[in-house]
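The structure appears right after this line, and notes come after that.
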Amino acid sequence: MAKASGEALISHYQALQRPWKVTQQGSSYGKLVIPTGNSQLPFHRWFHLKEAYSSQLLAQLFADAGYSGGENFSIFDPFSGSGTTALSAVDLATTAGASVSVAGVERNPFIWELSQAKLQGRVRGWDLTKEFESSLDEVARHFHLPGGGKCEVPRQSTLQNSEYFPKKNVEDLVAIRASIDAVADGPIRAMLRAALASSVESCGRLRRDGRALRYEPSRRPRPAWEVFSERAAIVLQDLSITEPTSSVANIALGDGRGRYSDIEGTTKCDWIVFSPPYPNNIDYTEVYKTESWILGCYESAEDMRAQRLLTVRSHPSVRFNRRYAFESSPHADVVERTIHPILRAVPEDRYKAGRIELIKGYADDMLTTLDSCRRVVAKHGKLAFVVGNSAHGAGDASFVIAADILMGALAELVGWRVANLRVARHLKRRTGDLLRESVVILEPV
């Protein structure tokens, strides 16, 4: 039964994508859907977000579309992450002697603050250098005072485990945060806190591998102030070499699936570029929890759980809201037909309920996102999203959630057409040709 359902699912996906232009992009896009080169670039290098894509992706999208941007253009990213789209847009505009209006939304409070810090630094550049340098000196004085910056260590099990993080390192990280908050505000505060967040991993024995935090007992944790000083020096260096721009940019802390009231009614977006969470069981609230706790984004386990419940339904780590907006929409029947073969392929095991909720919740969230984006795109604008398909289950009971095809099909229900599905790369754990990462180009109809 499971094998028959799997074969039916593959046929279903093939039928959905048959009318579209599907191209195998190979290495030209394979290196762009991962953060190739970002670790060496100013501002992008402030924090390594494994889930980011390359800073060169936007330039490639523009080149392939024959888009120059003109003197002014606008761009929007409803899942801003660490700000790659926004930073890339400002870089492109600056190189072309133009200006860009960048808007974005990010739900994770730590990642939102990181993206804002990077973006404000990129836009204002060396105008912030003296203030940043002065504030860094003030943080150092405050931190090294007797009892300076000392405050309670977060009541979080990972940070309180001395095998993961030496107690003094956690105390010092929290003390640095208290010192920053005591002497700085505005973008300077955000940039100092970004430097602090990027110090956390080196202060312990945990490593982010994308899916989870891994304990590596052989790692030697480094002293917190030493690492923070190095990371702050990188921020200062990037500011000092960057000319201020005329671009306008802002990332809002909010829900990327919602109505974008700040954009609706104003100039529509020329481009919408984003990468949503993939339906692959990764809980990003968990992956970046140590940085969030050190920055004080959460004060209790209940705060962190509340954050989880606000995120895209891309994983079954918590029991999300099981109300689905599509069920009461004009598209209910078509959405049901679109996801029914995926639901039928879910094997009868202890994960079934969670997987069903994931599939329905993810479809609902992506439909809402695509509908909201359609309302703010310019008449001749474009939308590009990067997404990876994921395998679930094992053996004959395994099945693929082909997010690129699913999202393309849902997009067609709310006023988009799929102009091109560009297969960027096939993933190592293969399940036919569907296990891949893609860039999908949409145009309004």
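Residue names in the structure tokens use chain letters A, B, ... in the order shown, residue numbers from 1 in each chain, and ligand numbers from 1 in the order shown.
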Using 12 Å as the limit and counting only C-alpha atoms, can you tabulate each residue of stretch 248-304 of chain A that touches stretch 49-58 of chain A, with its shortest atom-to-atom distance in Å and the two atoms involved, as JSON lines?
```
{"residue": "A:Trp271", "atom": "CA", "partner": "A:Leu58", "partner_atom": "CA", "distance": 9.9}
{"residue": "A:Ile272", "atom": "CA", "partner": "A:Leu58", "partner_atom": "CA", "distance": 10.5}
{"residue": "A:Val273", "atom": "CA", "partner": "A:Leu58", "partner_atom": "CA", "distance": 8.1}
{"residue": "A:Phe274", "atom": "CA", "partner": "A:Tyr53", "partner_atom": "CA", "distance": 9.7}
{"residue": "A:Ser275", "atom": "CA", "partner": "A:Ala52", "partner_atom": "CA", "distance": 8.3}
{"residue": "A:Pro276", "atom": "CA", "partner": "A:Glu51", "partner_atom": "CA", "distance": 10.0}
{"residue": "A:Pro277", "atom": "CA", "partner": "A:Glu51", "partner_atom": "CA", "distance": 8.9}
{"residue": "A:Tyr278", "atom": "CA", "partner": "A:Glu51", "partner_atom": "CA", "distance": 9.8}
{"residue": "A:Ile282", "atom": "CA", "partner": "A:Glu51", "partner_atom": "CA", "distance": 10.7}
{"residue": "A:Asp283", "atom": "CA", "partner": "A:Glu51", "partner_atom": "CA", "distance": 11.9}
{"residue": "A:Tyr284", "atom": "CA", "partner": "A:Glu51", "partner_atom": "CA", "distance": 9.6}
{"residue": "A:Val287", "atom": "CA", "partner": "A:Leu49", "partner_atom": "CA", "distance": 10.4}
{"residue": "A:Tyr288", "atom": "CA", "partner": "A:Leu49", "partner_atom": "CA", "distance": 9.5}
{"residue": "A:Glu291", "atom": "CA", "partner": "A:Leu49", "partner_atom": "CA", "distance": 12.0}
```
Neighbour list for A:Val318 as a PyMOL selection string, cut-off 10 Å, only C-alpha atoms, skip fewer than 5 positions in-chain: chain A and resi 283+305+308-309+313+354
Save out the residues we just selected, all heavy atoms, as a CSV table (one decimal), in the first residue's frame.
```csv
chain,number,residue,atom,x,y,z
A,283,ASP,N,13.7,22.6,13.5
A,283,ASP,CA,13.1,23.7,14.3
A,283,ASP,C,14.2,24.8,14.6
A,283,ASP,O,15.1,24.6,15.4
A,283,ASP,CB,12.7,23.1,15.7
A,283,ASP,CG,12.1,24.1,16.6
A,283,ASP,OD1,12.1,25.3,16.3
A,283,ASP,OD2,11.7,23.6,17.7
A,305,ARG,N,8.7,28.5,24.0
A,305,ARG,CA,7.6,27.7,23.4
A,305,ARG,C,6.7,28.6,22.7
A,305,ARG,O,6.2,28.3,21.6
A,305,ARG,CB,6.9,27.0,24.5
A,305,ARG,CG,5.7,26.2,24.0
A,305,ARG,CD,5.0,25.4,25.1
A,305,ARG,NE,3.7,24.9,24.6
A,305,ARG,CZ,3.6,23.8,23.8
A,305,ARG,NH1,4.6,23.2,23.3
A,305,ARG,NH2,2.4,23.4,23.3
A,308,ARG,N,8.1,29.3,19.4
A,308,ARG,CA,7.9,28.2,18.5
A,308,ARG,C,6.6,28.2,17.8
A,308,ARG,O,6.4,27.9,16.6
A,308,ARG,CB,8.1,26.9,19.2
A,308,ARG,CG,9.5,26.4,19.4
A,308,ARG,CD,9.5,24.9,19.9
A,308,ARG,NE,10.8,24.3,19.9
A,308,ARG,CZ,11.6,24.2,20.9
A,308,ARG,NH1,11.1,24.5,22.1
A,308,ARG,NH2,12.7,23.6,20.8
A,309,LEU,N,5.5,28.5,18.6
A,309,LEU,CA,4.2,28.4,18.1
A,309,LEU,C,3.9,29.5,17.1
A,309,LEU,O,2.9,29.5,16.4
A,309,LEU,CB,3.2,28.5,19.3
A,309,LEU,CG,3.2,27.2,20.2
A,309,LEU,CD1,2.4,27.5,21.4
A,309,LEU,CD2,2.6,26.0,19.4
A,313,ARG,N,4.7,26.4,10.1
A,313,ARG,CA,4.4,25.0,10.4
A,313,ARG,C,5.2,24.0,9.5
A,313,ARG,O,4.7,23.3,8.7
A,313,ARG,CB,2.9,24.7,10.4
A,313,ARG,CG,2.2,25.4,11.5
A,313,ARG,CD,0.7,25.3,11.3
A,313,ARG,NE,0.2,26.3,10.3
A,313,ARG,CZ,-1.1,26.4,10.0
A,313,ARG,NH1,-2.0,25.8,10.7
A,313,ARG,NH2,-1.5,27.3,9.1
A,354,GLY,N,1.8,13.8,13.3
A,354,GLY,CA,2.6,14.9,13.1
A,354,GLY,C,2.9,15.3,11.7
A,354,GLY,O,3.0,16.4,11.3
```
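Atom pair atom CA of A:Thr245 / atom CA of A:Val102 has a distance of 12.6 Å (rounded to one decimal).
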Give me the residues within 12 Å of A:Glu348 as a PDB file with N, CA and C atoms, in the first residue's frame, counting only C-alpha atoms and dropping any in the same chain fewer than 3 places off.
```pdb
ATOM      1  N   MET A   1       0.841  -1.205   0.000  1.00  0.00           N
ATOM      2  CA  MET A   1       0.000   0.000   0.000  1.00  0.00           C
ATOM      3  C   MET A   1       0.877   1.256   0.000  1.00  0.00           C
ATOM      4  N   ALA A   2       1.924   1.248   0.878  1.00  0.00           N
ATOM      5  CA  ALA A   2       2.800   2.407   0.971  1.00  0.00           C
ATOM      6  C   ALA A   2       3.528   2.638  -0.349  1.00  0.00           C
ATOM      7  N   SER A   5       1.167   4.068  -2.890  1.00  0.00           N
ATOM      8  CA  SER A   5       0.911   5.482  -2.595  1.00  0.00           C
ATOM      9  C   SER A   5       2.084   6.339  -3.018  1.00  0.00           C
ATOM     10  N   LEU A 343      -0.755  13.275   1.537  1.00  0.00           N
ATOM     11  CA  LEU A 343      -1.296  12.737   2.783  1.00  0.00           C
ATOM     12  C   LEU A 343      -1.461  11.219   2.693  1.00  0.00           C
ATOM     13  N   ARG A 344      -1.863  10.718   1.534  1.00  0.00           N
ATOM     14  CA  ARG A 344      -2.041   9.266   1.367  1.00  0.00           C
ATOM     15  C   ARG A 344      -0.723   8.518   1.468  1.00  0.00           C
ATOM     16  N   ALA A 345       0.371   9.191   1.123  1.00  0.00           N
ATOM     17  CA  ALA A 345       1.685   8.540   1.147  1.00  0.00           C
ATOM     18  C   ALA A 345       2.284   8.472   2.546  1.00  0.00           C
ATOM     19  N   TYR A 351       4.596   8.531  13.742  1.00  0.00           N
ATOM     20  CA  TYR A 351       4.814   9.901  13.292  1.00  0.00           C
ATOM     21  C   TYR A 351       3.691  10.399  12.386  1.00  0.00           C
ATOM     22  N   LYS A 352       2.698   9.562  12.131  1.00  0.00           N
ATOM     23  CA  LYS A 352       1.701   9.901  11.119  1.00  0.00           C
ATOM     24  C   LYS A 352       0.964  11.200  11.434  1.00  0.00           C
ATOM     25  N   ALA A 353       0.467  11.334  12.646  1.00  0.00           N
ATOM     26  CA  ALA A 353      -0.320  12.526  12.990  1.00  0.00           C
ATOM     27  C   ALA A 353       0.507  13.797  12.805  1.00  0.00           C
ATOM     28  N   GLY A 354       1.763  13.753  13.258  1.00  0.00           N
ATOM     29  CA  GLY A 354       2.616  14.922  13.121  1.00  0.00           C
ATOM     30  C   GLY A 354       2.908  15.256  11.677  1.00  0.00           C
ATOM     31  N   ARG A 355       3.108  14.224  10.856  1.00  0.00           N
ATOM     32  CA  ARG A 355       3.396  14.475   9.443  1.00  0.00           C
ATOM     33  C   ARG A 355       2.196  15.041   8.706  1.00  0.00           C
ATOM     34  N   ILE A 356       1.021  14.558   9.039  1.00  0.00           N
ATOM     35  CA  ILE A 356      -0.191  15.089   8.414  1.00  0.00           C
ATOM     36  C   ILE A 356      -0.366  16.569   8.772  1.00  0.00           C
ATOM     37  N   GLY A 393      10.247   9.401   6.380  1.00  0.00           N
ATOM     38  CA  GLY A 393      10.052   7.951   6.461  1.00  0.00           C
ATOM     39  C   GLY A 393      11.287   7.215   5.975  1.00  0.00           C
ATOM     40  N   ALA A 394      11.160   5.889   5.852  1.00  0.00           N
ATOM     41  CA  ALA A 394      12.300   5.059   5.458  1.00  0.00           C
ATOM     42  C   ALA A 394      11.843   3.896   4.593  1.00  0.00           C
ATOM     43  N   ALA A 397       8.386   2.818   2.744  1.00  0.00           N
ATOM     44  CA  ALA A 397       7.402   3.749   3.319  1.00  0.00           C
ATOM     45  C   ALA A 397       7.860   5.204   3.228  1.00  0.00           C
ATOM     46  N   SER A 398       8.983   5.467   2.559  1.00  0.00           N
ATOM     47  CA  SER A 398       9.464   6.836   2.465  1.00  0.00           C
ATOM     48  C   SER A 398       8.668   7.613   1.411  1.00  0.00           C
TER      49      SER A 398
END
```
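Closest approach to A:Val414 from the set A:Ser372, A:Pro223, A:Glu437, A:Leu427 is made by A:Ser372, with distances taken over only C-alpha atoms.
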Name the residues in contact with stretch 323-327 of chain A at a cut-off of 10 Å, using only C-alpha atoms, excluding same-chain residues fewer than 5 positions from it; report them as a PDB file with N, CA and C atoms, in the first residue's frame.
```pdb
ATOM      1  N   ALA A 332     -10.457  25.822  -1.483  1.00  0.00           N
ATOM      2  CA  ALA A 332     -10.429  24.646  -0.607  1.00  0.00           C
ATOM      3  C   ALA A 332     -10.349  23.336  -1.386  1.00  0.00           C
ATOM      4  N   ASP A 333     -11.204  23.159  -2.378  1.00  0.00           N
ATOM      5  CA  ASP A 333     -11.246  21.890  -3.106  1.00  0.00           C
ATOM      6  C   ASP A 333      -9.941  21.628  -3.855  1.00  0.00           C
ATOM      7  N   VAL A 334      -9.397  22.665  -4.478  1.00  0.00           N
ATOM      8  CA  VAL A 334      -8.171  22.474  -5.254  1.00  0.00           C
ATOM      9  C   VAL A 334      -6.996  22.185  -4.325  1.00  0.00           C
ATOM     10  N   VAL A 335      -6.925  22.883  -3.198  1.00  0.00           N
ATOM     11  CA  VAL A 335      -5.849  22.615  -2.246  1.00  0.00           C
ATOM     12  C   VAL A 335      -5.944  21.186  -1.725  1.00  0.00           C
ATOM     13  N   GLU A 336      -7.150  20.754  -1.414  1.00  0.00           N
ATOM     14  CA  GLU A 336      -7.342  19.379  -0.939  1.00  0.00           C
ATOM     15  C   GLU A 336      -6.871  18.377  -1.982  1.00  0.00           C
ATOM     16  N   GLU A 357      -0.149  16.890  10.045  1.00  0.00           N
ATOM     17  CA  GLU A 357      -0.255  18.285  10.466  1.00  0.00           C
ATOM     18  C   GLU A 357       0.792  19.148   9.757  1.00  0.00           C
ATOM     19  N   LYS A 360      -0.380  19.702   5.992  1.00  0.00           N
ATOM     20  CA  LYS A 360      -1.513  20.626   5.889  1.00  0.00           C
ATOM     21  C   LYS A 360      -1.131  22.029   6.354  1.00  0.00           C
ATOM     22  N   GLY A 361      -0.374  22.091   7.457  1.00  0.00           N
ATOM     23  CA  GLY A 361       0.027  23.390   7.984  1.00  0.00           C
ATOM     24  C   GLY A 361       0.973  24.124   7.047  1.00  0.00           C
ATOM     25  N   TYR A 362       1.914  23.392   6.459  1.00  0.00           N
ATOM     26  CA  TYR A 362       2.873  24.020   5.549  1.00  0.00           C
ATOM     27  C   TYR A 362       2.166  24.537   4.296  1.00  0.00           C
ATOM     28  N   ALA A 363       1.273  23.725   3.746  1.00  0.00           N
ATOM     29  CA  ALA A 363       0.514  24.171   2.570  1.00  0.00           C
ATOM     30  C   ALA A 363      -0.295  25.427   2.897  1.00  0.00           C
ATOM     31  N   ASP A 364      -0.907  25.433   4.056  1.00  0.00           N
ATOM     32  CA  ASP A 364      -1.713  26.582   4.468  1.00  0.00           C
ATOM     33  C   ASP A 364      -0.847  27.832   4.612  1.00  0.00           C
ATOM     34  N   ASP A 365       0.298  27.686   5.275  1.00  0.00           N
ATOM     35  CA  ASP A 365       1.175  28.834   5.494  1.00  0.00           C
ATOM     36  C   ASP A 365       1.757  29.366   4.188  1.00  0.00           C
ATOM     37  N   LEU A 367       0.430  29.049   1.144  1.00  0.00           N
ATOM     38  CA  LEU A 367      -0.652  29.665   0.371  1.00  0.00           C
ATOM     39  C   LEU A 367      -0.910  31.083   0.874  1.00  0.00           C
ATOM     40  N   THR A 368      -0.950  31.242   2.190  1.00  0.00           N
ATOM     41  CA  THR A 368      -1.161  32.563   2.783  1.00  0.00           C
ATOM     42  C   THR A 368      -0.042  33.515   2.402  1.00  0.00           C
TER      43      THR A 368
END
```
Members of stretch 28-250 of chain A assigned strand (DSSP E) by DSSP, as a ChimeraX atom specification: /A:72-77,99-106,206-208,213-215,248-250
Contact residues around A:Phe132 with only C-alpha atoms at 12 Å, ignoring same-chain residues under 3 positions, as a ChimeraX atom specification: /A:117,121,124-129,135-139,180,183-193,195,232-240
Residues just named, written with N, CA and C atoms as a JSON list (two decimals), in the first residue's frame:
```json
[["chain", "number", "residue", "atom", "x", "y", "z"],
["A", 117, "ALA", "N", 20.83, 44.81, 12.34],
["A", 117, "ALA", "CA", 22.16, 45.33, 12.63],
["A", 117, "ALA", "C", 23.02, 45.37, 11.37],
["A", 121, "GLY", "N", 24.13, 48.82, 9.40],
["A", 121, "GLY", "CA", 25.55, 49.03, 9.22],
["A", 121, "GLY", "C", 25.92, 49.23, 7.77],
["A", 124, "ARG", "N", 24.50, 52.78, 6.53],
["A", 124, "ARG", "CA", 25.08, 53.99, 7.12],
["A", 124, "ARG", "C", 26.61, 53.97, 7.15],
["A", 125, "GLY", "N", 27.20, 52.80, 7.04],
["A", 125, "GLY", "CA", 28.63, 52.65, 6.86],
["A", 125, "GLY", "C", 29.48, 53.44, 7.83],
["A", 126, "TRP", "N", 30.50, 54.16, 7.28],
["A", 126, "TRP", "CA", 31.49, 54.79, 8.16],
["A", 126, "TRP", "C", 30.94, 55.95, 8.98],
["A", 127, "ASP", "N", 29.71, 56.38, 8.72],
["A", 127, "ASP", "CA", 29.09, 57.39, 9.59],
["A", 127, "ASP", "C", 28.93, 56.86, 11.02],
["A", 128, "LEU", "N", 28.90, 55.53, 11.18],
["A", 128, "LEU", "CA", 28.71, 54.92, 12.50],
["A", 128, "LEU", "C", 30.02, 54.51, 13.16],
["A", 129, "THR", "N", 31.15, 54.69, 12.45],
["A", 129, "THR", "CA", 32.42, 54.15, 12.95],
["A", 129, "THR", "C", 32.81, 54.73, 14.31],
["A", 135, "SER", "N", 31.50, 53.35, 21.78],
["A", 135, "SER", "CA", 30.62, 52.48, 22.57],
["A", 135, "SER", "C", 31.32, 51.19, 22.95],
["A", 136, "LEU", "N", 32.14, 50.66, 22.05],
["A", 136, "LEU", "CA", 32.89, 49.45, 22.37],
["A", 136, "LEU", "C", 33.85, 49.69, 23.53],
["A", 137, "ASP", "N", 34.49, 50.85, 23.56],
["A", 137, "ASP", "CA", 35.36, 51.19, 24.69],
["A", 137, "ASP", "C", 34.56, 51.27, 25.98],
["A", 138, "GLU", "N", 33.35, 51.85, 25.90],
["A", 138, "GLU", "CA", 32.49, 51.96, 27.08],
["A", 138, "GLU", "C", 32.06, 50.57, 27.57],
["A", 139, "VAL", "N", 31.75, 49.68, 26.64],
["A", 139, "VAL", "CA", 31.38, 48.31, 27.02],
["A", 139, "VAL", "C", 32.54, 47.65, 27.74],
["A", 180, "ILE", "N", 26.58, 46.00, 27.19],
["A", 180, "ILE", "CA", 26.11, 46.60, 25.93],
["A", 180, "ILE", "C", 24.81, 47.35, 26.15],
["A", 183, "VAL", "N", 25.20, 50.77, 27.94],
["A", 183, "VAL", "CA", 25.92, 51.93, 27.38],
["A", 183, "VAL", "C", 25.52, 52.29, 25.96],
["A", 184, "ALA", "N", 24.78, 51.43, 25.27],
["A", 184, "ALA", "CA", 24.50, 51.68, 23.84],
["A", 184, "ALA", "C", 23.02, 51.57, 23.55],
["A", 185, "ASP", "N", 22.60, 52.21, 22.46],
["A", 185, "ASP", "CA", 21.22, 52.06, 21.99],
["A", 185, "ASP", "C", 21.21, 52.16, 20.47],
["A", 186, "GLY", "N", 20.03, 52.00, 19.87],
["A", 186, "GLY", "CA", 19.87, 52.13, 18.43],
["A", 186, "GLY", "C", 20.70, 51.11, 17.66],
["A", 187, "PRO", "N", 21.14, 51.49, 16.46],
["A", 187, "PRO", "CA", 21.88, 50.54, 15.63],
["A", 187, "PRO", "C", 23.22, 50.12, 16.25],
["A", 188, "ILE", "N", 23.85, 50.98, 17.05],
["A", 188, "ILE", "CA", 25.11, 50.61, 17.69],
["A", 188, "ILE", "C", 24.89, 49.46, 18.66],
["A", 189, "ARG", "N", 23.84, 49.55, 19.43],
["A", 189, "ARG", "CA", 23.50, 48.46, 20.36],
["A", 189, "ARG", "C", 23.26, 47.17, 19.59],
["A", 190, "ALA", "N", 22.50, 47.25, 18.49],
["A", 190, "ALA", "CA", 22.19, 46.06, 17.71],
["A", 190, "ALA", "C", 23.46, 45.44, 17.13],
["A", 191, "MET", "N", 24.40, 46.27, 16.67],
["A", 191, "MET", "CA", 25.63, 45.74, 16.08],
["A", 191, "MET", "C", 26.53, 45.10, 17.13],
["A", 192, "LEU", "N", 26.61, 45.70, 18.31],
["A", 192, "LEU", "CA", 27.38, 45.10, 19.40],
["A", 192, "LEU", "C", 26.77, 43.77, 19.83],
["A", 193, "ARG", "N", 25.45, 43.72, 19.87],
["A", 193, "ARG", "CA", 24.77, 42.47, 20.24],
["A", 193, "ARG", "C", 24.95, 41.41, 19.15],
["A", 195, "ALA", "N", 27.68, 41.11, 17.37],
["A", 195, "ALA", "CA", 29.03, 40.61, 17.62],
["A", 195, "ALA", "C", 29.02, 39.62, 18.80],
["A", 232, "ALA", "N", 33.77, 42.01, 17.38],
["A", 232, "ALA", "CA", 33.48, 43.44, 17.33],
["A", 232, "ALA", "C", 34.48, 44.16, 16.41],
["A", 233, "ALA", "N", 35.73, 43.70, 16.39],
["A", 233, "ALA", "CA", 36.73, 44.30, 15.50],
["A", 233, "ALA", "C", 36.36, 44.11, 14.04],
["A", 234, "ILE", "N", 35.76, 42.97, 13.71],
["A", 234, "ILE", "CA", 35.30, 42.72, 12.34],
["A", 234, "ILE", "C", 34.19, 43.69, 11.97],
["A", 235, "VAL", "N", 33.24, 43.89, 12.90],
["A", 235, "VAL", "CA", 32.16, 44.85, 12.65],
["A", 235, "VAL", "C", 32.74, 46.24, 12.39],
["A", 236, "LEU", "N", 33.67, 46.64, 13.24],
["A", 236, "LEU", "CA", 34.28, 47.97, 13.10],
["A", 236, "LEU", "C", 35.02, 48.10, 11.77],
["A", 237, "GLN", "N", 35.73, 47.07, 11.39],
["A", 237, "GLN", "CA", 36.45, 47.10, 10.11],
["A", 237, "GLN", "C", 35.49, 47.27, 8.94],
["A", 238, "ASP", "N", 34.38, 46.53, 8.95],
["A", 238, "ASP", "CA", 33.42, 46.62, 7.85],
["A", 238, "ASP", "C", 32.78, 48.00, 7.77],
["A", 239, "LEU", "N", 32.47, 48.58, 8.93],
["A", 239, "LEU", "CA", 31.90, 49.93, 8.94],
["A", 239, "LEU", "C", 32.90, 50.93, 8.35],
["A", 240, "SER", "N", 34.15, 50.80, 8.73],
["A", 240, "SER", "CA", 35.15, 51.80, 8.37],
["A", 240, "SER", "C", 35.46, 51.85, 6.88]]
```
Contact check, stretch 202-290 of chain A to stretch 72-92 of chain A, at most 12 Å, counting only C-alpha atoms, closest pairs as JSON lines:
```
{"residue": "A:Thr242", "atom": "CA", "partner": "A:Asp91", "partner_atom": "CA", "distance": 10.6}
{"residue": "A:Glu243", "atom": "CA", "partner": "A:Asp91", "partner_atom": "CA", "distance": 11.1}
{"residue": "A:Pro244", "atom": "CA", "partner": "A:Val90", "partner_atom": "CA", "distance": 10.6}
{"residue": "A:Thr245", "atom": "CA", "partner": "A:Val90", "partner_atom": "CA", "distance": 8.1}
{"residue": "A:Ser246", "atom": "CA", "partner": "A:Val90", "partner_atom": "CA", "distance": 9.3}
{"residue": "A:Ser247", "atom": "CA", "partner": "A:Val90", "partner_atom": "CA", "distance": 6.6}
{"residue": "A:Val248", "atom": "CA", "partner": "A:Val90", "partner_atom": "CA", "distance": 8.7}
{"residue": "A:Ala249", "atom": "CA", "partner": "A:Ala86", "partner_atom": "CA", "distance": 7.5}
{"residue": "A:Asn250", "atom": "CA", "partner": "A:Ala86", "partner_atom": "CA", "distance": 8.7}
{"residue": "A:Ile251", "atom": "CA", "partner": "A:Ser80", "partner_atom": "CA", "distance": 7.4}
{"residue": "A:Ala252", "atom": "CA", "partner": "A:Ser80", "partner_atom": "CA", "distance": 9.1}
{"residue": "A:Leu253", "atom": "CA", "partner": "A:Ser80", "partner_atom": "CA", "distance": 9.8}
{"residue": "A:Gly254", "atom": "CA", "partner": "A:Pro78", "partner_atom": "CA", "distance": 9.2}
{"residue": "A:Asp255", "atom": "CA", "partner": "A:Pro78", "partner_atom": "CA", "distance": 7.8}
{"residue": "A:Gly256", "atom": "CA", "partner": "A:Pro78", "partner_atom": "CA", "distance": 4.4}
{"residue": "A:Arg257", "atom": "CA", "partner": "A:Pro78", "partner_atom": "CA", "distance": 7.2}
{"residue": "A:Gly258", "atom": "CA", "partner": "A:Pro78", "partner_atom": "CA", "distance": 8.9}
{"residue": "A:Arg259", "atom": "CA", "partner": "A:Pro78", "partner_atom": "CA", "distance": 10.3}
{"residue": "A:Tyr260", "atom": "CA", "partner": "A:Pro78", "partner_atom": "CA", "distance": 8.9}
{"residue": "A:Asp262", "atom": "CA", "partner": "A:Phe76", "partner_atom": "CA", "distance": 11.5}
{"residue": "A:Ile263", "atom": "CA", "partner": "A:Phe76", "partner_atom": "CA", "distance": 9.2}
{"residue": "A:Glu264", "atom": "CA", "partner": "A:Phe76", "partner_atom": "CA", "distance": 11.9}
{"residue": "A:Thr266", "atom": "CA", "partner": "A:Ser74", "partner_atom": "CA", "distance": 11.1}
{"residue": "A:Thr267", "atom": "CA", "partner": "A:Ser74", "partner_atom": "CA", "distance": 8.3}
{"residue": "A:Lys268", "atom": "CA", "partner": "A:Ser74", "partner_atom": "CA", "distance": 7.6}
{"residue": "A:Cys269", "atom": "CA", "partner": "A:Ser74", "partner_atom": "CA", "distance": 5.1}
{"residue": "A:Asp270", "atom": "CA", "partner": "A:Ser74", "partner_atom": "CA", "distance": 5.3}
{"residue": "A:Trp271", "atom": "CA", "partner": "A:Ile75", "partner_atom": "CA", "distance": 4.8}
{"residue": "A:Ile272", "atom": "CA", "partner": "A:Phe76", "partner_atom": "CA", "distance": 4.7}
{"residue": "A:Val273", "atom": "CA", "partner": "A:Asp77", "partner_atom": "CA", "distance": 5.4}
{"residue": "A:Phe274", "atom": "CA", "partner": "A:Asp77", "partner_atom": "CA", "distance": 5.2}
{"residue": "A:Ser275", "atom": "CA", "partner": "A:Phe79", "partner_atom": "CA", "distance": 6.4}
{"residue": "A:Pro276", "atom": "CA", "partner": "A:Phe79", "partner_atom": "CA", "distance": 6.0}
{"residue": "A:Pro277", "atom": "CA", "partner": "A:Phe79", "partner_atom": "CA", "distance": 8.3}
{"residue": "A:Tyr278", "atom": "CA", "partner": "A:Phe79", "partner_atom": "CA", "distance": 11.7}
{"residue": "A:Tyr284", "atom": "CA", "partner": "A:Gly81", "partner_atom": "CA", "distance": 10.6}
{"residue": "A:Tyr288", "atom": "CA", "partner": "A:Gly81", "partner_atom": "CA", "distance": 11.8}
```
Contact residues around A:Glu163 with only C-alpha atoms at 9 Å, ignoring same-chain residues under 6 positions, as a PyMOL selection string: chain A and resi 204-205+215+217
Could you write out the selected residues, including N, CA, C and O atoms, as a CSV table (one decimal), in the first residue's frame?
```csv
chain,number,residue,atom,x,y,z
A,204,GLY,N,31.7,27.5,23.6
A,204,GLY,CA,31.2,26.2,24.2
A,204,GLY,C,31.7,25.1,23.3
A,204,GLY,O,32.5,25.2,22.4
A,205,ARG,N,31.0,23.9,23.6
A,205,ARG,CA,31.4,22.7,22.9
A,205,ARG,C,30.2,22.2,22.0
A,205,ARG,O,30.1,21.0,21.7
A,215,TYR,N,27.1,18.0,20.3
A,215,TYR,CA,28.1,18.1,21.3
A,215,TYR,C,29.4,17.5,20.8
A,215,TYR,O,29.5,16.4,20.3
A,217,PRO,N,32.9,17.0,22.4
A,217,PRO,CA,33.8,17.1,23.6
A,217,PRO,C,35.2,17.5,23.4
A,217,PRO,O,35.9,18.0,24.3
```
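The interatomic distance for the pair atom CA of A:Phe385 and atom CA of A:Asp404 works out to 8.7 Å.
Counting from atom CA of A:Trp416, the distance to atom CA of A:Gly381 is 10.8 Å.
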Shell around A:Asn389 at 7 Å using only C-alpha atoms, local window under 5 positions removed, as a PyMOL selection string: chain A and resi 400-404+435-437
